[in-house]
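The next block holds one structure in the form of structure tokens; read it before the comments.
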Amino acid sequence: MIFVMIFGMGLIVFLNRYLFIEPRLPVRLNRGAREFLGFAVPGMLTAICGPIIFLADHKLNLSVSNPYLLAGVSAVALMFWTRSVLITVLLSMALFYLFRWLL
Amino acid sequence: MSNSLMPRSAFLRGAAAIMPLSLATAPWGLLAGSMAIEANLTPLQGQGLSSIVFAGAAQLVAIGMLKGGAGVFSILLTTLLLTSQHLLYGMHMRPTLSPLKARWRMSLGFLLTDEFFALVSQYDRQTFNRWYALGVGLTFYIIWNVFTFAGIVLGKSIPGLDQLGLEFSIAATFIALITPVVRDVPTIVCVAVSLLCSVWLSYLHWESAVVVSGVLGMSAGFACKRLGVGQR
């Protein structure tokens, strides 16, 4: 039964991923659709980050002393300043643990 | 990324590019393995989740639901809702991926995760390199499965792994990828709407919070652009 579930989940996830890559699917993306999809990176990746930052351990934390929020804002600043993904991730991780330890 | 790179060097570049994100998500791979054992799945089933489903959030939620005694149907429905953002990724990458041969399309389609999308979506038909994409996707897949295996072996001996705040590494990486893209007012609106909705809908325990808030953010940005907001 567990394996039925695993294969079922695998099939659903694969279909979600593959559906619009299939060339025989009669979809043509017009200019509007392309413009809309141009917002996919900021829109979708932000939606993944939001709950991580404000809902750690499933508790809403909107305070300014939220270490996730402070380190997240630092990451934006670090990215502007360094232009390097790797440095930004490493330094903001260090800051995150520093904030968590201090606050 | 040039189209003319040799397959091997393009693959290696992709593998190097995904390394930080692979390590950022490694703790989740560990957790996916150890939680599976904790929920009384066999090691083979635990590894099967990572190698067949290959979707971190869906795996962790499914294991949690199994522990809570949920049925297969409700788990499958939750999987559909939790992973529906991949429909958008596929649509976004249609121009670059759909002209490929079937075996490339299927392989890269299988490997199309949030992290793959974050790195590969920026290339258009001219700059896209399938070997680079394979390097990104396959490396991520292997590392995810290696850490799942480690989690299975370590089993219940990783106490409090989910309380270490390791998920911040994922947020940090995504923030680093989003920041350079935010250059105009419509994108700022998109990010703001997506952020607000994702926190609010997750707080309300919507299983489809990610895709719904992502689409709302994208629509808000698109509407602003069409209305000419922030343009001189």
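A note on labels: chains of the structure tokens are A, B, ... as shown, every chain counts residues from 1, and ligands are counted from 1 in their shown order.
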Quiz item: Taking the backbone alone, and naming residues the way the document does, which bits of stretch 3-216 of chain B are helix (DSSP H, G or I) by DSSP, as a ChimeraX atom specification?
Solution: /B:7-38,43-53,56-67,72-82,85-97,102-110,114-120,130-157,161-163,168-181,185-203,209-216
Please, which residues in chain A fall within 6 Å of chain B when counting only C-alpha atoms, and what is the closest atom pair and distance in Å to one decimal for each, ordered by chain then residue number, as a Markdown table?
```
| residue | atom | partner | partner_atom | distance |
| --- | --- | --- | --- | --- |
| A:Met5 | CA | B:Val72 | CA | 6.0 |
| A:Ile6 | CA | B:Leu49 | CA | 5.9 |
| A:Met9 | CA | B:Leu76 | CA | 5.9 |
| A:Gly10 | CA | B:Val53 | CA | 4.0 |
| A:Phe14 | CA | B:Phe110 | CA | 5.7 |
| A:Asn16 | CA | B:Leu87 | CA | 5.0 |
| A:Arg17 | CA | B:His86 | CA | 4.9 |
| A:Tyr18 | CA | B:Gly109 | CA | 5.0 |
| A:Phe20 | CA | B:Met91 | CA | 5.0 |
| A:Ile21 | CA | B:Ser98 | CA | 4.8 |
| A:Glu22 | CA | B:Ser98 | CA | 5.8 |
| A:Pro23 | CA | B:Ser98 | CA | 5.2 |
| A:Phe36 | CA | B:Phe222 | CA | 5.4 |
| A:Leu37 | CA | B:His92 | CA | 5.7 |
| A:Phe39 | CA | B:Met218 | CA | 5.2 |
| A:Pro42 | CA | B:Ile178 | CA | 5.4 |
| A:Gly43 | CA | B:Gly214 | CA | 4.7 |
| A:Met44 | CA | B:Gly214 | CA | 4.5 |
| A:Thr46 | CA | B:Leu195 | CA | 5.8 |
| A:Ala47 | CA | B:Ser198 | CA | 5.1 |
| A:Cys49 | CA | B:Ala171 | CA | 5.0 |
| A:Gly50 | CA | B:Leu195 | CA | 5.2 |
| A:Pro51 | CA | B:Val199 | CA | 5.1 |
| A:Met79 | CA | B:Ala176 | CA | 5.8 |
| A:Val85 | CA | B:Ala176 | CA | 5.4 |
| A:Val89 | CA | B:Ala172 | CA | 5.4 |
```
Self-check item: 9 Å contact set for B:Lys67, only C-alpha atoms, chain neighbours under 2 positions out, as a ChimeraX atom specification
Solution: /B:38-40,62-65,69-70
Practice problem: Compile the contact shell of A:Val64 as a list in words: residues with an atom at most 12 Å away, counting only C-alpha atoms, same-chain residues fewer than 6 positions apart removed. | Solution: Ile53, Phe54, Leu70, Ala71, Gly72, Val73, Phe99 and Leu103 of chain A
For C-alpha atoms, I'd like the residues from the last selection saved as an mmCIF file, in the first residue's frame.
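As written to disk, again_19.cif reads:
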```
data_model
loop_
_atom_site.group_PDB
_atom_site.id
_atom_site.type_symbol
_atom_site.label_atom_id
_atom_site.label_comp_id
_atom_site.auth_asym_id
_atom_site.auth_seq_id
_atom_site.Cartn_x
_atom_site.Cartn_y
_atom_site.Cartn_z
ATOM 1 C CA ILE A 53 10.731 33.679 7.422
ATOM 2 C CA PHE A 54 7.476 34.607 9.149
ATOM 3 C CA LEU A 70 16.740 40.215 10.201
ATOM 4 C CA ALA A 71 18.941 37.725 8.380
ATOM 5 C CA GLY A 72 16.627 37.779 5.332
ATOM 6 C CA VAL A 73 16.896 41.576 5.091
ATOM 7 C CA PHE A 99 20.903 36.886 15.593
ATOM 8 C CA LEU A 103 17.991 37.641 20.545
#
```
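Atom CA of B:Trp104 sits 9.7 Å away from atom CA of B:Trp131.
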Quiz prompt | Among the residues B:Pro43, B:Pro7, B:Gly29, B:Gly155, the one that comes closest to B:Ala133 [using only C-alpha atoms] | solution =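 Checking each of B:Pro43, B:Pro7, B:Gly29, B:Gly155 against B:Ala133, counting only C-alpha atoms, the winner is B:Pro7.
Picture a line from atom CA of A:Leu60 to atom CA of A:Val41; it runs 24.9 Å.
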Quiz item: Between A:Leu29, A:Leu11, A:Ile2, A:Leu55, which is the closest to B:Leu204 once you count only C-alpha atoms?
Solution: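 Checking each candidate against B:Leu204, we get A:Leu55 as the closest.
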Quiz item: So how many Å separate atom CA of B:Gly160 and atom CA of A:Leu95, to one decimal?
Solution: 21.0 Å
Quiz item: Between A:Arg100, A:Val4, A:Leu19, A:Asn30, which one has atoms that come closest to A:Ser65, using only C-alpha atoms?
Solution: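 Ranked by minimum distance to A:Ser65, first place goes to A:Arg100.
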Self-check item: Selection: 12 Å around A:Leu98, only C-alpha atoms, excl. self and same-chain fewer than 4 positions, as a list of chain:residue names
Solution: A:Asn66, A:Pro67, A:Tyr68, A:Leu70, A:Ala71, A:Leu91, A:Ser92, A:Met93, A:Ala94, A:Leu102, A:Leu103
Residue selection dump (C-alpha atoms) as a JSON list (two decimals), in the first residue's frame:
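Result saved to part.json:
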```json
[["chain", "number", "residue", "atom", "x", "y", "z"],
["A", 66, "ASN", "CA", 12.68, 37.76, 14.34],
["A", 67, "PRO", "CA", 16.13, 36.34, 13.42],
["A", 68, "TYR", "CA", 14.78, 34.96, 10.11],
["A", 70, "LEU", "CA", 16.74, 40.21, 10.20],
["A", 71, "ALA", "CA", 18.94, 37.72, 8.38],
["A", 91, "LEU", "CA", 27.29, 35.37, 5.35],
["A", 92, "SER", "CA", 23.53, 35.59, 5.89],
["A", 93, "MET", "CA", 23.55, 32.08, 7.40],
["A", 94, "ALA", "CA", 26.28, 33.21, 9.82],
["A", 102, "LEU", "CA", 21.79, 37.21, 20.54],
["A", 103, "LEU", "CA", 17.99, 37.64, 20.54]]
```
